[in-house]
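Asks: Supplied structure: start-v2.txt, compact mmCIF, C-alpha atoms.
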# COMPACT_ATOMS: atom_id res chain seq x y z
CA MET A 114 -11.84 88.26 -88.54
CA ALA A 115 -11.18 85.90 -91.44
CA PHE A 116 -9.28 82.64 -91.63
CA ARG A 117 -6.00 83.50 -93.37
CA GLY A 118 -2.97 81.66 -94.69
CA LYS A 119 -2.62 78.47 -92.67
CA PHE A 120 -5.95 79.07 -90.98
CA PHE A 121 -5.58 81.64 -88.21
CA PHE A 122 -8.32 81.04 -85.66
CA PRO A 123 -10.04 83.77 -83.58
CA ILE A 124 -9.25 84.00 -79.87
CA LEU A 125 -12.70 82.67 -79.00
CA MET A 126 -12.05 79.65 -81.17
CA THR A 127 -8.69 79.05 -79.51
CA LEU A 128 -10.36 79.02 -76.10
CA SER A 129 -12.99 76.57 -77.30
CA LEU A 130 -10.32 74.33 -78.77
CA PHE A 131 -8.35 74.51 -75.52
CA LEU A 132 -11.39 73.18 -73.67
CA ILE A 133 -11.69 70.31 -76.15
CA ILE A 134 -8.01 69.43 -75.94
CA ARG A 135 -8.03 69.58 -72.15
CA TYR A 136 -11.22 67.51 -71.96
CA ASN A 137 -9.78 64.90 -74.32
CA TYR A 138 -6.59 64.77 -72.28
CA ILE A 139 -8.47 64.21 -69.04
CA VAL A 140 -10.92 61.52 -70.16
CA SER A 141 -8.83 59.69 -72.74
CA ASP A 142 -5.45 58.02 -73.11
CA ASP A 143 -5.11 59.59 -76.55
CA PRO A 144 -2.63 62.45 -77.10
CA PRO A 145 -4.12 65.97 -77.46
CA LEU A 146 -5.65 66.92 -80.79
CA ARG A 147 -3.23 68.36 -83.35
CA GLN A 148 -4.42 70.80 -85.97
CA ASP A 149 -2.00 69.63 -88.66
CA LEU A 150 -2.24 66.40 -90.62
CA PRO A 151 -1.49 63.57 -88.19
CA GLY A 152 1.91 62.06 -88.95
CA ARG A 153 3.13 58.49 -88.71
CA ARG A 154 2.00 56.83 -85.50
CA SER A 155 3.39 53.93 -83.53
CA GLU A 156 1.41 50.72 -83.26
CA ASP A 157 0.57 51.59 -79.66
CA ASP A 158 -1.17 54.78 -80.82
CA VAL A 159 -3.64 52.91 -83.02
CA ARG A 160 -6.64 52.10 -80.84
CA TYR A 161 -9.00 50.68 -83.42
CA SER A 162 -8.60 48.70 -86.60
CA VAL A 163 -11.11 48.60 -89.44
CA LYS A 164 -11.16 45.25 -91.18
CA THR A 165 -12.37 45.23 -94.76
CA PRO A 166 -13.44 42.22 -96.81
CA SER A 167 -10.87 41.22 -99.41
CA LYS A 168 -11.69 42.66 -102.83
CA LYS A 169 -9.93 42.99 -106.16
CA THR A 170 -11.26 46.49 -106.78
CA LYS A 171 -8.55 49.10 -106.36
CA ARG A 172 -10.64 52.19 -105.62
CA LEU A 173 -12.64 51.01 -102.63
CA PHE A 174 -14.18 53.52 -100.27
CA HIS A 175 -15.05 53.04 -96.61
CA THR A 176 -18.57 54.00 -95.54
CA ALA A 177 -18.69 55.96 -92.28
CA VAL A 178 -21.91 56.94 -90.52
CA THR A 179 -21.99 59.14 -87.41
CA ALA A 180 -24.63 58.28 -84.84
CA THR A 181 -25.80 58.53 -81.25
CA ASP A 182 -27.10 55.76 -78.98
CA SER A 183 -30.69 57.07 -79.07
CA VAL A 184 -33.53 54.81 -80.21
CA TYR A 185 -34.16 57.24 -83.07
CA SER A 186 -30.61 56.96 -84.39
CA THR A 187 -30.30 53.24 -83.68
CA TRP A 188 -33.20 51.98 -85.78
CA GLN A 189 -32.11 54.12 -88.73
CA CYS A 190 -28.56 52.76 -88.51
CA ARG A 191 -29.81 49.18 -88.50
CA ILE A 192 -31.81 49.76 -91.70
CA MET A 193 -28.93 51.63 -93.32
CA TYR A 194 -26.47 48.83 -92.51
CA TYR A 195 -28.88 46.16 -93.81
CA TRP A 196 -28.97 47.77 -97.25
CA TYR A 197 -25.24 48.45 -97.25
CA ASN A 198 -24.72 44.70 -96.85
CA ARG A 199 -27.22 43.91 -99.58
CA PHE A 200 -25.37 45.98 -102.19
CA ARG A 201 -21.75 45.92 -101.03
CA ASP A 202 -20.77 43.06 -103.34
CA GLY A 203 -23.08 43.94 -106.22
CA PRO A 204 -22.04 44.65 -109.84
CA GLY A 205 -20.07 47.87 -110.14
CA SER A 206 -19.75 48.32 -106.39
CA GLU A 207 -16.60 49.89 -104.98
CA MET A 208 -17.98 49.77 -101.45
CA GLY A 209 -15.42 48.59 -98.92
CA GLY A 210 -15.78 48.42 -95.15
CA PHE A 211 -18.32 50.10 -92.89
CA THR A 212 -18.06 51.94 -89.58
CA ARG A 213 -20.71 53.47 -87.39
CA ILE A 214 -18.96 56.31 -85.54
CA LEU A 215 -20.83 56.44 -82.24
CA HIS A 216 -20.24 59.80 -80.57
CA SER A 217 -22.11 59.05 -77.35
CA GLY A 218 -18.85 58.20 -75.61
CA ARG A 219 -19.71 54.63 -74.57
CA PRO A 220 -20.56 51.28 -76.20
CA ASP A 221 -24.21 50.46 -76.86
CA GLY A 222 -26.32 47.47 -77.83
CA LEU A 223 -25.33 47.47 -81.51
CA MET A 224 -21.61 46.81 -81.03
CA ASP A 225 -21.94 43.16 -82.12
CA GLU A 226 -24.31 43.93 -85.00
CA ILE A 227 -22.63 46.88 -86.71
CA PRO A 228 -18.86 47.62 -86.84
CA THR A 229 -18.60 50.56 -84.45
CA PHE A 230 -16.00 53.06 -83.30
CA VAL A 231 -16.80 54.81 -80.01
CA ALA A 232 -15.88 58.51 -80.05
CA GLN A 233 -16.06 60.95 -77.19
CA PRO A 234 -18.65 63.74 -77.45
CA LEU A 235 -17.74 67.39 -77.11
CA PRO A 236 -17.47 68.68 -73.52
CA SER A 237 -20.84 69.39 -71.94
CA GLY A 238 -22.35 72.62 -73.21
CA VAL A 239 -19.94 73.18 -76.10
CA ASP A 240 -22.46 72.05 -78.73
CA GLN A 241 -25.07 74.49 -77.28
CA GLY A 242 -27.79 71.94 -77.98
CA TYR A 243 -26.75 71.59 -81.64
CA VAL A 244 -25.90 67.88 -81.49
CA VAL A 245 -24.44 67.60 -84.99
CA LEU A 246 -21.44 69.68 -83.87
CA ASN A 247 -20.22 66.36 -82.49
CA ARG A 248 -19.95 64.98 -86.03
CA PRO A 249 -16.70 66.68 -87.13
CA TRP A 250 -15.10 66.06 -83.71
CA ALA A 251 -16.06 62.37 -83.99
CA PHE A 252 -14.49 62.16 -87.46
CA VAL A 253 -11.28 63.73 -86.15
CA GLN A 254 -11.02 61.02 -83.48
CA TRP A 255 -11.85 58.19 -85.88
CA LEU A 256 -9.35 59.31 -88.51
CA ARG A 257 -6.60 59.65 -85.91
CA GLN A 258 -7.21 56.36 -84.12
CA ALA A 259 -8.48 53.94 -86.77
CA HIS A 260 -6.49 51.99 -89.31
CA ILE A 261 -8.63 52.36 -92.43
CA GLU A 262 -7.62 50.16 -95.34
CA GLU A 263 -9.43 52.04 -98.10
CA ASP A 264 -8.03 55.17 -99.74
CA TYR A 265 -11.45 56.86 -99.93
CA ILE A 266 -14.30 57.49 -97.51
CA LEU A 267 -18.03 57.89 -98.04
CA MET A 268 -19.56 60.02 -95.31
CA ALA A 269 -23.19 58.98 -94.93
CA GLU A 270 -25.99 59.34 -92.39
CA PRO A 271 -28.33 56.97 -90.53
CA ASP A 272 -31.35 58.07 -92.59
CA HIS A 273 -29.74 57.05 -95.88
CA ILE A 274 -30.91 53.94 -97.69
CA ILE A 275 -28.59 52.60 -100.39
CA VAL A 276 -30.68 51.51 -103.37
CA LYS A 277 -27.99 50.03 -105.62
CA PRO A 278 -24.23 49.34 -105.63
CA ILE A 279 -22.24 52.56 -105.38
CA PRO A 280 -19.08 53.09 -107.47
CA ASN A 281 -16.33 55.45 -106.38
CA LEU A 282 -17.48 58.75 -107.87
CA ALA A 283 -14.46 60.69 -106.60
CA ARG A 284 -11.55 61.41 -108.90
CA GLY A 285 -8.10 61.88 -107.41
CA ASN A 286 -8.11 64.81 -105.00
CA ARG A 287 -11.59 65.88 -106.12
CA GLY A 288 -14.40 64.65 -103.96
CA ALA A 289 -17.86 63.62 -105.13
CA ALA A 290 -20.80 65.28 -103.42
CA PHE A 291 -24.52 65.94 -103.61
CA PRO A 292 -25.44 69.61 -104.25
CA PHE A 293 -28.03 70.98 -101.81
CA PHE A 294 -30.26 73.75 -103.16
CA TYR A 295 -30.34 75.46 -99.76
CA ILE A 296 -26.55 75.74 -99.42
CA GLU A 297 -25.95 79.11 -101.08
CA PRO A 298 -22.41 80.47 -100.59
CA LYS A 299 -22.98 83.46 -102.89
CA LYS A 300 -26.08 84.55 -100.99
CA TYR A 301 -24.20 84.47 -97.69
CA GLU A 302 -20.87 85.77 -98.93
CA SER A 303 -20.68 88.53 -96.31
CA VAL A 304 -21.06 85.96 -93.53
CA LEU A 305 -18.73 83.38 -95.06
CA ARG A 306 -15.95 85.90 -95.55
CA LYS A 307 -15.37 85.72 -91.79
CA PHE A 308 -14.10 82.19 -92.37
CA PHE A 309 -13.06 82.25 -96.03
CA SER A 310 -11.23 85.50 -96.71
CA LYS A 311 -10.76 87.10 -100.11
CA GLU A 312 -7.18 85.90 -99.93
CA ASN A 313 -8.56 82.35 -100.15
CA GLY A 314 -10.18 83.13 -103.51
CA PRO A 315 -13.66 83.76 -104.92
CA ILE A 316 -16.64 82.62 -102.90
CA SER A 317 -17.52 80.27 -105.78
CA ARG A 318 -14.75 77.98 -104.55
CA ILE A 319 -17.11 76.96 -101.76
CA ASP A 320 -19.26 74.17 -103.15
CA PRO A 321 -23.01 73.97 -102.30
CA ILE A 322 -22.56 70.81 -100.26
CA GLY A 323 -22.60 69.39 -96.77
CA ASN A 324 -20.38 66.63 -95.50
CA SER A 325 -22.84 63.94 -96.53
CA PRO A 326 -23.13 62.29 -98.91
CA VAL A 327 -19.52 62.93 -99.89
CA ILE A 328 -16.87 60.54 -101.20
CA VAL A 329 -13.42 62.00 -100.57
CA SER A 330 -9.89 60.69 -100.35
CA LYS A 331 -8.80 59.62 -96.90
CA ASN A 332 -5.71 61.84 -97.07
CA ALA A 333 -7.81 64.88 -97.94
CA LEU A 334 -10.32 64.20 -95.18
CA MET A 335 -7.55 63.87 -92.60
CA LYS A 336 -6.60 67.45 -93.45
CA ILE A 337 -10.15 68.76 -93.70
CA ALA A 338 -11.59 67.23 -90.51
CA PRO A 339 -9.76 69.31 -87.84
CA THR A 340 -10.51 72.51 -89.78
CA TRP A 341 -14.15 71.42 -90.18
CA MET A 342 -14.37 70.96 -86.42
CA ASN A 343 -12.89 74.38 -85.69
CA VAL A 344 -14.89 76.24 -88.32
CA SER A 345 -18.09 74.58 -87.02
CA LEU A 346 -17.38 75.76 -83.49
CA ALA A 347 -16.35 79.23 -84.66
CA MET A 348 -19.58 79.57 -86.65
CA LYS A 349 -21.69 78.43 -83.71
CA ASN A 350 -19.98 80.93 -81.43
CA ASP A 351 -20.64 83.80 -83.86
CA PRO A 352 -24.25 85.01 -83.35
CA GLN A 353 -24.62 86.41 -86.86
CA THR A 354 -23.42 83.19 -88.50
CA ASP A 355 -25.45 80.98 -86.14
CA LYS A 356 -28.60 82.95 -86.96
CA ALA A 357 -27.94 82.93 -90.71
CA PHE A 358 -27.26 79.19 -91.04
CA GLY A 359 -29.33 77.59 -88.27
CA TRP A 360 -29.55 73.81 -88.55
CA VAL A 361 -27.36 73.70 -91.69
CA LEU A 362 -24.42 75.48 -90.01
CA GLU A 363 -22.26 72.35 -89.83
CA MET A 364 -22.89 71.74 -93.55
CA TYR A 365 -21.58 75.19 -94.41
CA ALA A 366 -18.60 74.54 -92.14
CA TYR A 367 -17.65 71.43 -94.10
CA ALA A 368 -18.05 73.20 -97.44
CA VAL A 369 -15.80 76.05 -96.23
CA SER A 370 -13.20 73.67 -94.79
CA SER A 371 -13.04 71.63 -97.99
CA ALA A 372 -12.46 74.83 -99.97
CA LEU A 373 -9.81 76.08 -97.51
CA HIS A 374 -7.83 72.91 -98.20
CA GLY A 375 -8.23 73.21 -101.96
CA VAL A 376 -10.48 70.14 -102.26
CA SER A 377 -13.14 70.77 -104.88
CA ASN A 378 -16.03 68.41 -105.49
CA ILE A 379 -17.69 66.87 -108.51
CA LEU A 380 -21.38 67.61 -107.96
CA HIS A 381 -23.70 64.65 -108.60
CA LYS A 382 -27.36 65.60 -108.45
CA ASP A 383 -28.29 61.92 -108.83
CA PHE A 384 -26.12 60.85 -105.91
CA MET A 385 -29.17 61.07 -103.64
CA ILE A 386 -32.88 61.79 -103.74
CA GLN A 387 -35.14 63.17 -101.02
CA PRO A 388 -38.76 61.97 -101.19
CA PRO A 389 -41.47 63.08 -101.56
CA TRP A 390 -40.04 65.99 -103.56
CA ASP A 391 -37.91 63.69 -105.69
CA THR A 392 -40.25 61.17 -107.22
CA GLU A 393 -38.09 58.49 -108.90
CA THR A 394 -35.23 56.26 -107.74
CA LYS A 395 -34.04 54.85 -111.07
CA LYS A 396 -30.93 57.08 -111.41
CA THR A 397 -29.99 57.49 -107.76
CA TYR A 398 -27.77 55.63 -105.32
CA ILE A 399 -29.24 56.81 -102.00
CA ILE A 400 -32.67 57.66 -100.60
CA HIS A 401 -32.50 60.31 -97.88
CA TYR A 402 -35.74 60.21 -95.94
CA THR A 403 -35.35 63.50 -94.13
CA TYR A 404 -38.75 64.91 -95.12
CA GLY A 405 -42.15 63.74 -93.96
CA CYS A 406 -44.32 62.12 -96.63
CA ASP A 407 -48.03 63.02 -96.38
CA PHE A 408 -50.69 61.94 -98.90
CA ASP A 409 -54.43 61.65 -99.15
CA MET A 410 -55.93 58.30 -100.09
CA LYS A 411 -55.85 59.22 -103.77
CA GLY A 412 -52.08 59.56 -103.68
CA LYS A 413 -52.06 63.37 -103.76
CA MET A 414 -49.38 65.03 -101.64
CA MET A 415 -50.73 67.04 -98.73
CA ILE A 416 -48.27 69.90 -98.31
CA GLY A 417 -48.10 71.38 -94.83
CA LYS A 418 -50.76 69.00 -93.51
CA ILE A 419 -50.81 65.66 -91.70
CA GLY A 420 -51.70 63.18 -94.39
CA GLU A 421 -54.37 60.51 -94.38
CA TRP A 422 -51.38 58.31 -95.10
CA ARG A 423 -48.02 59.41 -93.77
CA PHE A 424 -44.48 58.29 -93.14
CA ASP A 425 -42.21 60.58 -91.17
CA LYS A 426 -39.14 59.29 -89.37
CA ARG A 427 -39.84 61.79 -86.57
CA SER A 428 -42.92 59.77 -85.65
CA TYR A 429 -40.54 57.10 -84.34
CA GLY A 430 -38.38 58.99 -81.88
CA ASP A 431 -39.08 56.72 -78.92
CA LYS A 432 -39.52 53.38 -80.65
CA PRO A 433 -38.69 51.89 -84.05
CA PRO A 434 -41.32 51.76 -86.78
CA PRO A 435 -43.31 48.52 -86.75
CA ARG A 436 -42.73 45.80 -89.26
CA ASN A 437 -44.90 45.77 -92.37
CA LEU A 438 -45.74 49.46 -92.65
CA THR A 439 -48.76 50.19 -94.83
CA LEU A 440 -47.67 51.09 -98.34
CA PRO A 441 -48.62 54.53 -99.70
CA PRO A 442 -51.89 54.83 -101.61
CA ARG A 443 -52.04 54.28 -105.35
CA GLY A 444 -50.83 57.38 -107.16
CA ALA A 445 -48.08 58.23 -104.68
CA PRO A 446 -44.59 58.71 -106.17
CA GLU A 447 -42.48 55.65 -106.91
CA SER A 448 -39.76 57.00 -104.61
CA VAL A 449 -42.06 56.92 -101.60
CA VAL A 450 -43.32 53.42 -102.45
CA THR A 451 -39.72 52.21 -102.79
CA LEU A 452 -38.73 53.87 -99.50
CA VAL A 453 -41.44 52.14 -97.49
CA THR A 454 -40.94 48.83 -99.31
CA MET A 455 -37.23 48.88 -98.49
CA ILE A 456 -37.87 49.74 -94.85
CA ASN A 457 -40.32 46.84 -94.67
CA GLU A 458 -37.83 44.40 -96.17
CA ALA A 459 -35.12 45.50 -93.77
CA THR A 460 -37.27 45.28 -90.65
CA ALA A 461 -38.59 41.86 -91.72
CA ASN A 462 -35.06 40.50 -91.91
CA ILE A 463 -33.25 42.28 -89.08
CA PRO A 464 -33.26 39.99 -86.01
CA ASN A 465 -34.89 41.16 -82.81
CA TRP A 466 -36.59 44.11 -84.42
CA GLU A 467 -38.77 45.61 -81.73
CA SER A 468 -41.50 48.18 -82.13
For this file, produce the structure as structure tokens.
Replies:
Amino acid sequence: MAFRGKFFFPILMTLSLFLIIRYNYIVSDDPPLRQDLPGRRSEDDVRYSVKTPSKKTKRLFHTAVTATDSVYSTWQCRIMYYWYNRFRDGPGSEMGGFTRILHSGRPDGLMDEIPTFVAQPLPSGVDQGYVVLNRPWAFVQWLRQAHIEEDYILMAEPDHIIVKPIPNLARGNRGAAFPFFYIEPKKYESVLRKFFSKENGPISRIDPIGNSPVIVSKNALMKIAPTWMNVSLAMKNDPQTDKAFGWVLEMYAYAVSSALHGVSNILHKDFMIQPPWDTETKKTYIIHYTYGCDFDMKGKMMIGKIGEWRFDKRSYGDKPPPRNLTLPPRGAPESVVTLVTMINEATANIPNWES
């Protein structure tokens, strides 16, 4: 059953949404979630205010990073925020304020270090162990409750390192996004038509993107976010779709939701790099260290093997990486050298860094 017109949702999706609305009503003072664009709210309805440094630039964007309170997420957020601060006021920057959207449901130890909005997680069991389903629900809460000064938003992730000042790459209602080679709407057209019917247009209207990194207008994201949440849940509850998309399901859900609302994206392949496969940083704005980096001592990449030298964020699930990590061997790509160098600088300067 496809999403049609003003986004008809399957019965299963309606039941899931009912659980979310009821849960939110029980545990929170906020009014139940609305599926349309939130209208004007009274001052009493605004729970959280984002304060942005005064700037003359007119096209500022607000950086928002979703996170949990785990050690793994926490140390990445601290490094990400360090480099955001380093480049926020640099030449050509249109970077405004910053918010860590914490969807663990309670304050944690970084509240005084990083500007943080506490969002409620999905009801127990709704995410089915797929934690990132909390991301769109967290954005819905933040957009409804926060007063955000900027007109644009950069959605980023804890394992992003900003390597130079970022300008606003979006243009009007068109977002700016990184194209992922593994997001293939045409390949999965038969699956996606359950959520993006032929009435919505050709499948090519779905961009090969996730929600991050994306710079999009605040007004557009306020419309997209509730649909993104519902499409994510609908996809997860559909066995065929869940099997087809696996861990990138929520990325497809954002791409579909953006297309459903008529928000196309300017694709910037240099927006982000992903070492070790991308080897140079000179044109990029963000390093995404999602892949493990394994090399022998001659600087040759060891594919599918544990390297003689390695850096993999997953090695630090229970504790942060130590200060002064060993640099990669001579011959390793510049991108990997820069990644480790920047992590070392951040950890050397972040107070109370504990390994």
Asks: Need the shell around Tyr194 (chain A): protein/DNA/RNA residues with any atom at most 10 Å away, counting all atoms listed in the file. Skip same-chain ones fewer than 5 positions apart. Format as number ranges by chain?
Replies: A: 176, 178, 189, 199, 211-213, 226-228, 271, 273-275, 459
Asks: Write a file of the selected residues as a PDB file, in the coordinates of the input, keeping C-alpha atoms.
Replies:
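Listed below is the output, part23.pdb:
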ATOM      1  CA  THR A 176     -18.570  54.000 -95.540  1.00  0.00           C
ATOM      2  CA  VAL A 178     -21.910  56.940 -90.520  1.00  0.00           C
ATOM      3  CA  GLN A 189     -32.110  54.120 -88.730  1.00  0.00           C
ATOM      4  CA  ARG A 199     -27.220  43.910 -99.580  1.00  0.00           C
ATOM      5  CA  PHE A 211     -18.320  50.100 -92.890  1.00  0.00           C
ATOM      6  CA  THR A 212     -18.060  51.940 -89.580  1.00  0.00           C
ATOM      7  CA  ARG A 213     -20.710  53.470 -87.390  1.00  0.00           C
ATOM      8  CA  GLU A 226     -24.310  43.930 -85.000  1.00  0.00           C
ATOM      9  CA  ILE A 227     -22.630  46.880 -86.710  1.00  0.00           C
ATOM     10  CA  PRO A 228     -18.860  47.620 -86.840  1.00  0.00           C
ATOM     11  CA  PRO A 271     -28.330  56.970 -90.530  1.00  0.00           C
ATOM     12  CA  HIS A 273     -29.740  57.050 -95.880  1.00  0.00           C
ATOM     13  CA  ILE A 274     -30.910  53.940 -97.690  1.00  0.00           C
ATOM     14  CA  ILE A 275     -28.590  52.600-100.390  1.00  0.00           C
ATOM     15  CA  ALA A 459     -35.120  45.500 -93.770  1.00  0.00           C
TER      16      ALA A 459
END
Asks: Between CA of Asn332 (chain A) and CA of Glu297 (chain A), what is the spacing in Å?
Replies: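 Separating CA of Glu297 (chain A) from CA of Asn332 (chain A) is a distance of 26.9 Å.
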Asks: Check the smallest atom-to-atom distance from each of A:Ser448, A:Thr392, A:Asn457, A:Asn465 to Trp196 (chain A) using all atoms listed in the file, then report the winner.
Replies: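 Distance minimum relative to Trp196 (chain A) lands on A:Asn457.
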Asks: For a quick check of your reading of the model, name the residues lying within 6 Å of the coordinate (-14.3, 57.4, -95.2), counting all atoms listed in the file, and write them as a list in words.
Replies: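 Final list of nearby residues, as requested, is His175, Thr176, Ala177, Tyr265, Ile266, Leu267 and Met268 of chain A.
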Asks: Which residues are near Pro220 (chain A)? Cut-off 10 Å, only C-alpha atoms, ignore same chain within fewer than 5 positions. Put them as a count of residues only.
Replies: 6
Asks: Considering all atoms listed in the file, can you say which of A:Ala338, A:Phe200, A:Lys331, A:Leu452 comes closest to Arg248 (chain A)?
Replies: A:Ala338
Asks: Kindly indicate which residue among A:Pro388, A:Pro298, A:Gly412, A:Gly314 lies nearest to Ala357 (chain A), using only C-alpha atoms for the distances.
Replies: A:Pro298
Asks: Could you name the residues that touch Pro434 (chain A) at 12 Å or less, counting only C-alpha atoms, but leaving out those on the same chain fewer than 2 positions away, as a VMD selection string?
Replies: chain A and resid 184 to 185 187 to 189 191 to 192 424 to 432 436 to 439 453 456 to 457 459 to 461 466 to 468
Asks: For a test of reading the model, state the distance in Å between CA of Arg172 (chain A) and CA of Asp272 (chain A), rounded to one decimal.
Replies: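 CA of Asp272 (chain A) lies at a distance of 25.2 Å from CA of Arg172 (chain A).
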Asks: To one decimal in Å, tell me the separation between CA of Val376 (chain A) and CA of Pro352 (chain A).
Replies: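 Here the two named atoms are 27.7 Å from each other.
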Asks: Write out as a short mmCIF file (atom, residue, chain, number, x, y, z; two decimals) with C-alpha atoms, in the frame of the given file which residues come within 7 Å of Met208 (chain A) when counting only C-alpha atoms, dropping same-chain ones fewer than 3 positions away.
Replies:
data_model
loop_
_atom_site.label_atom_id
_atom_site.label_comp_id
_atom_site.auth_asym_id
_atom_site.auth_seq_id
_atom_site.Cartn_x
_atom_site.Cartn_y
_atom_site.Cartn_z
CA LEU A 173 -12.64 51.01 -102.63
CA PHE A 174 -14.18 53.52 -100.27
CA HIS A 175 -15.05 53.04 -96.61
CA ARG A 201 -21.75 45.92 -101.03
CA ILE A 279 -22.24 52.56 -105.38
CA PRO A 280 -19.08 53.09 -107.47
#
Asks: Which residue is closest to Val244 (chain A)? Choose from A:Phe291, A:Glu207, A:Arg219, A:Leu346 and count all atoms listed in the file.
Replies: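 Closest to Val244 (chain A) of all the choices is A:Leu346.
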Asks: Which one is closest to Gln241 (chain A): A:Lys382, A:Arg287, A:Lys349, A:Lys356? Count all atoms listed in the file.
Replies: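 Checking each of A:Lys382, A:Arg287, A:Lys349, A:Lys356 against Gln241 (chain A), counting all atoms listed in the file, the winner is A:Lys349.
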Asks: List the spatial neighbours of Val449 (chain A) as a PDB file with C-alpha atoms, keeping the file's coordinate frame - criterion: any atom at most 9 Å away, only C-alpha atoms, same-chain residues fewer than 5 positions off excluded.
Replies:
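As written to disk, out.pdb reads:
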ATOM      1  CA  PRO A 388     -38.760  61.970-101.190  1.00  0.00           C
ATOM      2  CA  PRO A 389     -41.470  63.080-101.560  1.00  0.00           C
ATOM      3  CA  ASP A 391     -37.910  63.690-105.690  1.00  0.00           C
ATOM      4  CA  THR A 392     -40.250  61.170-107.220  1.00  0.00           C
ATOM      5  CA  GLU A 393     -38.090  58.490-108.900  1.00  0.00           C
ATOM      6  CA  CYS A 406     -44.320  62.120 -96.630  1.00  0.00           C
ATOM      7  CA  PHE A 424     -44.480  58.290 -93.140  1.00  0.00           C
ATOM      8  CA  LEU A 440     -47.670  51.090 -98.340  1.00  0.00           C
ATOM      9  CA  PRO A 441     -48.620  54.530 -99.700  1.00  0.00           C
ATOM     10  CA  THR A 454     -40.940  48.830 -99.310  1.00  0.00           C
TER      11      THR A 454
END
Asks: Export region 306-318 of chain A from the structure block above, keeping N, CA and C atoms, as a compact mmCIF listing (two decimals), in the first residue's frame.
Replies:
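File produced: part_2.txt:
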# COMPACT_ATOMS: atom_id res chain seq x y z
N ARG A 306 8.24 1.76 -3.91
CA ARG A 306 6.92 2.15 -4.38
C ARG A 306 5.84 1.92 -3.31
N LYS A 307 6.14 1.15 -2.29
CA LYS A 307 5.20 1.00 -1.17
C LYS A 307 5.04 2.32 -0.42
N PHE A 308 6.06 3.16 -0.50
CA PHE A 308 6.09 4.40 0.27
C PHE A 308 6.11 5.65 -0.62
N PHE A 309 6.46 5.45 -1.87
CA PHE A 309 6.53 6.56 -2.84
C PHE A 309 5.84 6.07 -4.11
N SER A 310 4.53 6.29 -4.19
CA SER A 310 3.74 5.74 -5.27
C SER A 310 4.06 6.41 -6.60
N LYS A 311 3.59 5.81 -7.68
CA LYS A 311 3.80 6.40 -9.00
C LYS A 311 3.14 7.76 -9.11
N GLU A 312 2.10 7.96 -8.31
CA GLU A 312 1.44 9.27 -8.31
C GLU A 312 2.38 10.37 -7.80
N ASN A 313 3.38 9.98 -7.00
CA ASN A 313 4.34 10.95 -6.47
C ASN A 313 5.42 11.31 -7.49
N GLY A 314 5.49 10.57 -8.60
CA GLY A 314 6.46 10.89 -9.63
C GLY A 314 7.46 9.78 -9.86
N PRO A 315 8.41 10.01 -10.75
CA PRO A 315 9.44 8.99 -11.04
C PRO A 315 10.31 8.72 -9.82
N ILE A 316 10.85 7.51 -9.77
CA ILE A 316 11.66 7.11 -8.62
C ILE A 316 12.94 7.95 -8.54
N SER A 317 13.33 8.56 -9.66
CA SER A 317 14.52 9.41 -9.68
C SER A 317 14.38 10.65 -8.81
N ARG A 318 13.16 10.96 -8.39
CA ARG A 318 12.97 12.09 -7.48
C ARG A 318 13.52 11.80 -6.08
